[in-house]
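Colleague: A single structure is presented below for examination.
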Amino acid sequence: MESRRIIQVEEKVPFKMLVPLSLQHMFAMFGASVLVPFLFGINPAIVLFMNGVGTLLFMFITKGKAPAYLGSSFAFLAPAGIVIATWGYSYALGGFVVVGLCGCILAGIIYKFGIEWINVVLPPAAMGPVVALIGLELAGTAASTAGIVSSTSYVLDEASGLYEQVVTAIVPENVIVFLVTLAFAVFGSVMFKKFLAVIPILIAIVAGYLAALITGVVGPATFAAVAEAPWFSLPNFQLPQFNLEAIIIILPVLLVIASEHIGHQIVTSKVVGRDLLKDPGLHRSLFADNFSTMLSGFIGSVPTTTYGENIGVMAVTKVYSVQVIAGAAIISIICSFVGKLSMLISTIPGPVIGGISFLLYGMIGAAGIRILVDAQVDYGKSRNLALTSVVFVVGLSGIAVNFGTIQLKGMVLAAVIGMILSLIFFILDKLKLTNDREEEHLYDQP
């Protein structure tokens with residue numbers, strides 16, 4: 001049991017353990033985090049820099065009581081893509097700044113009025129499935145990243161003027177690398193002992209990379225790119241520009257990132273066994289998250305958010321030390337200035353990232369189910385059964401609601417629907433129109 005000892009939030013670890021544990025956290029977020037700047041068409045070095053700075057700021061603002069790594073937010077992809085195509089990336093940066101500022105204001109409102117309203121807006125029967133959806137709706141992304149599912153696309157044949165169906169088949173080498181990575185992550189977390197027991201994710205990444213070299217998934221051309229990269233490179237800093245229409249397009253994302261942040265903090269609370277919504281407080285963590293996003297917009301980076309992958313790492317390893325996560329942040333900052341190092345890390349192939357994500361996303365889904373178990377949600381009550389059922393179906397069905405250029409779907413739409421239903425049930429309770437109100441009151445008694 002000593003080999004699986006929990007390393008708590010405030011605990012320090014020896015330097016010989018600190019480096020590999022920190023590398024593990026950085027590798028866990030790297031694949032997903034650098035994908036966002038690639039999609040925006042900017043150099044990922046600035047993102048690595050801001051991820052590290054944002055994480056250190058987060059720890060400072062939360063007094064070192066909330067273990068969280070800040071990575072690139074996917075919530076901004078659709079609206080920011082519209083702004084970039086219309087006005088340019090600098091105007092998207094202006095939108096990021098305003099969203100971050102509004103998020104800081106929301107944190108002030110939470111500080112003023114407390115967090116008790118959360119149980120009214122999202123009771124456990126709704127919050128559990130919402131949190132589970134954070135991981136479950138990403139399952140397809142993990143499989144696609146790994147290259148273990150076939151995909152169909154349509155390409156225009158210029159000669160005939162017709163679209164031809166192109167099916168991308170599953171490559172056996174990708175499957176082998178994926179399985180090696182996943183096997184080391186899963187069985188390593190169960191079978192490794194002593195120090196190896198706390199770095200199964202890092203070992204799985206190394207094993208997967210070696211498998212990629214053997215199978216040819218990673219070839220000589222990859223290392224040629226590393227050789228050509230400079231040793232020192234300065235991140236591409238740039239200033240934002242502001243346009244009201246561009247800001248309006250991006251601003252509704254605030255709802256998405258607020259819901260995502262609350263969900264991540266609840267999951268992390270369950271993982272580390274502490275109520276982070278109360279200490280250091282949701283107002284502090286939400287302010288820190290959005291302050292980092294605002295700062296990102298000012299220097300040319302992408303918005304940041306707490307990362308599910310790193311929550312999964314903590315759940316697997318039982319290492320919650322903020323010192324370890326701070327080490328990962330410092331390494332990320334160093335990587336942003338070392339051209340060859342950042343290029344080498346970026347060569348980690350999709351099947352390796354997908355294999356790790358398969359386990360980590362599943363851990364997040366399980367954390368949502370754990371909320372239902374720990375809260376002892378009574379599904380003999382119709383309201384609880386209805387809330388959980390509707391949230392899961394809305395989140396996994398693929399339906400979407402459009403508000404102008406903003407599309408709500410998946411976990412975000414499920415959270416909104418869950419909030420609306422919960423508020424309606426609360427109002428019906430106050431009007432004494434529900435048939436299980438008295439039973440629920442008796443159930444809550446000690």
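Following the order of the structure tokens, first chain is A, next is B, and so on, with residues numbered from 1 inside each chain and ligands from 1 in the order they appear.
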Set the distance at 10 Å and use only C-alpha atoms: which residues neighbour Ser292 of chain A once local chain neighbours fewer than 6 positions away are removed? I'd like the list as JSON, numbers by chain.

Modeller: {"A": [50, 51, 53, 54, 55, 56, 57, 58, 70, 97, 100, 101, 104, 286, 298, 302, 303, 304, 305]}

Colleague: Could you turn the residues from that selection into a file that holds C-alpha atoms, as a short mmCIF file (atom, residue, chain, number, x, y, z; two decimals), in the first residue's frame?

Modeller:
```cif
data_model
loop_
_atom_site.label_atom_id
_atom_site.label_comp_id
_atom_site.auth_asym_id
_atom_site.auth_seq_id
_atom_site.Cartn_x
_atom_site.Cartn_y
_atom_site.Cartn_z
CA MET A 50 1.07 30.81 -21.58
CA ASN A 51 -0.02 27.38 -20.36
CA VAL A 53 2.43 31.05 -16.88
CA GLY A 54 -1.33 30.58 -16.52
CA THR A 55 -0.87 27.48 -14.38
CA LEU A 56 1.56 29.28 -12.05
CA LEU A 57 -0.86 32.22 -11.78
CA PHE A 58 -3.69 29.81 -11.03
CA LEU A 70 -4.25 25.10 -17.56
CA VAL A 97 -9.58 39.41 -23.46
CA GLY A 100 -11.69 36.60 -19.65
CA LEU A 101 -12.67 39.95 -18.12
CA CYS A 104 -13.47 37.58 -13.66
CA LEU A 286 -12.84 30.78 -11.68
CA PHE A 298 -3.09 40.33 -24.39
CA VAL A 302 -5.15 31.10 -26.99
CA PRO A 303 -7.62 30.97 -24.08
CA THR A 304 -6.77 28.60 -21.24
CA THR A 305 -8.87 26.24 -19.17
#
```

Colleague: Which residue, A:Arg370, A:Arg383, A:Lys432, A:Lys270, has the smallest gap to Pro129 of chain A when you use only C-alpha atoms?

Modeller: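 Among the listed residues, the smallest separation from Pro129 of chain A belongs to A:Arg370.
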
Colleague: Mind the document's chain letters and residue numbers, and return as a list in words the residues of segment 230-404 of chain A that DSSP labels strand (DSSP E).

Modeller: Thr304, Thr305, Thr306, Ala400, Val401, Asn402 and Phe403 of chain A

Colleague: What gap, in Å, lies between atom CA of Ala375 of chain A and atom CA of Ala125 of chain A?

Modeller: 8.6 Å

Colleague: Could you list, as number ranges by chain, every residue within 8 Å of Val324 of chain A, counting only C-alpha atoms and ignoring same-chain residues fewer than 5 positions away?

Modeller: A: 13, 18-19, 21-22

Colleague: Quick one: of A:Pro123, A:Gly95, A:Pro351, A:Gly52, who's nearest to Ser72 of chain A, counting only C-alpha atoms?

Modeller: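 Among the listed residues, the smallest separation from Ser72 of chain A belongs to A:Gly52.
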
Colleague: Of the candidates A:Asn236, A:Leu202, A:Ala227, A:Gly103, which shows the shortest atom-to-atom distance to Ser336 of chain A, using only C-alpha atoms?

Modeller: A:Asn236

Colleague: Applying 10 Å and only C-alpha atoms, which residues near Ala225 of chain A remain after dropping the ones on its own chain fewer than 2 positions away? List them as a list in words.

Modeller: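 These residues fall inside the cut-off: Pro220, Ala221, Thr222, Phe223, Ala227, Glu228, Ala229, Lys340, Met343, Leu344 and Thr347 of chain A.
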
Colleague: Mind the document's chain letters and residue numbers, and return as a PyMOL selection string the residues of segment 178-280 of chain A that DSSP labels alpha helix (DSSP H).

Modeller: chain A and resi 178-191+200-215+220-228+244-250+253-272

Colleague: In terms of the shortest atom-to-atom distance over only C-alpha atoms, which of A:Ile424, A:Cys335, A:Met26, A:Ala126 is closest to Ala68 of chain A?

Modeller: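 Result for the nearest residue to Ala68 of chain A: A:Met26.
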
Colleague: Which one is closest to Thr62 of chain A: A:Gly281, A:Gly140, A:Gly398, A:Gly368? Count only C-alpha atoms.

Modeller: A:Gly281

Colleague: List the neighbours of Pro20 of chain A out to 10 Å using only C-alpha atoms; skip same-chain residues closer than 5 positions along the sequence, and give me the result as a list in words.

Modeller: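 Surrounding residues, per the criterion: Phe15, His25, Met26, Val198, Ile199, Leu202, Ile203, Val324, Gly327 and Ala328 of chain A.
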
Colleague: Hey, can you spit out that residue selection with N, CA and C atoms as a JSON list (two decimals), in the first residue's frame?

Modeller:
```json
[["chain", "number", "residue", "atom", "x", "y", "z"],
["A", 15, "PHE", "N", 13.36, 15.71, -5.60],
["A", 15, "PHE", "CA", 13.65, 16.19, -6.96],
["A", 15, "PHE", "C", 13.71, 15.04, -7.96],
["A", 25, "HIS", "N", 2.69, 15.10, -16.38],
["A", 25, "HIS", "CA", 1.59, 16.05, -16.50],
["A", 25, "HIS", "C", 1.68, 16.86, -17.79],
["A", 26, "MET", "N", 2.89, 17.29, -18.13],
["A", 26, "MET", "CA", 3.02, 18.09, -19.34],
["A", 26, "MET", "C", 2.72, 17.28, -20.60],
["A", 198, "VAL", "N", 3.57, 5.58, -9.67],
["A", 198, "VAL", "CA", 3.06, 6.94, -9.78],
["A", 198, "VAL", "C", 3.34, 7.58, -11.13],
["A", 199, "ILE", "N", 4.03, 6.85, -12.03],
["A", 199, "ILE", "CA", 4.29, 7.41, -13.36],
["A", 199, "ILE", "C", 3.86, 6.47, -14.48],
["A", 202, "LEU", "N", 3.45, 8.36, -17.92],
["A", 202, "LEU", "CA", 4.72, 8.69, -18.57],
["A", 202, "LEU", "C", 5.35, 7.45, -19.19],
["A", 203, "ILE", "N", 5.32, 6.34, -18.46],
["A", 203, "ILE", "CA", 5.88, 5.10, -18.98],
["A", 203, "ILE", "C", 5.11, 4.64, -20.22],
["A", 324, "VAL", "N", 4.25, 19.35, -8.11],
["A", 324, "VAL", "CA", 4.44, 18.57, -9.34],
["A", 324, "VAL", "C", 3.86, 19.31, -10.54],
["A", 327, "GLY", "N", 5.93, 22.19, -11.45],
["A", 327, "GLY", "CA", 7.09, 21.72, -12.20],
["A", 327, "GLY", "C", 6.74, 21.53, -13.67],
["A", 328, "ALA", "N", 5.56, 20.98, -13.94],
["A", 328, "ALA", "CA", 5.11, 20.81, -15.32],
["A", 328, "ALA", "C", 4.96, 22.15, -16.02]]
```
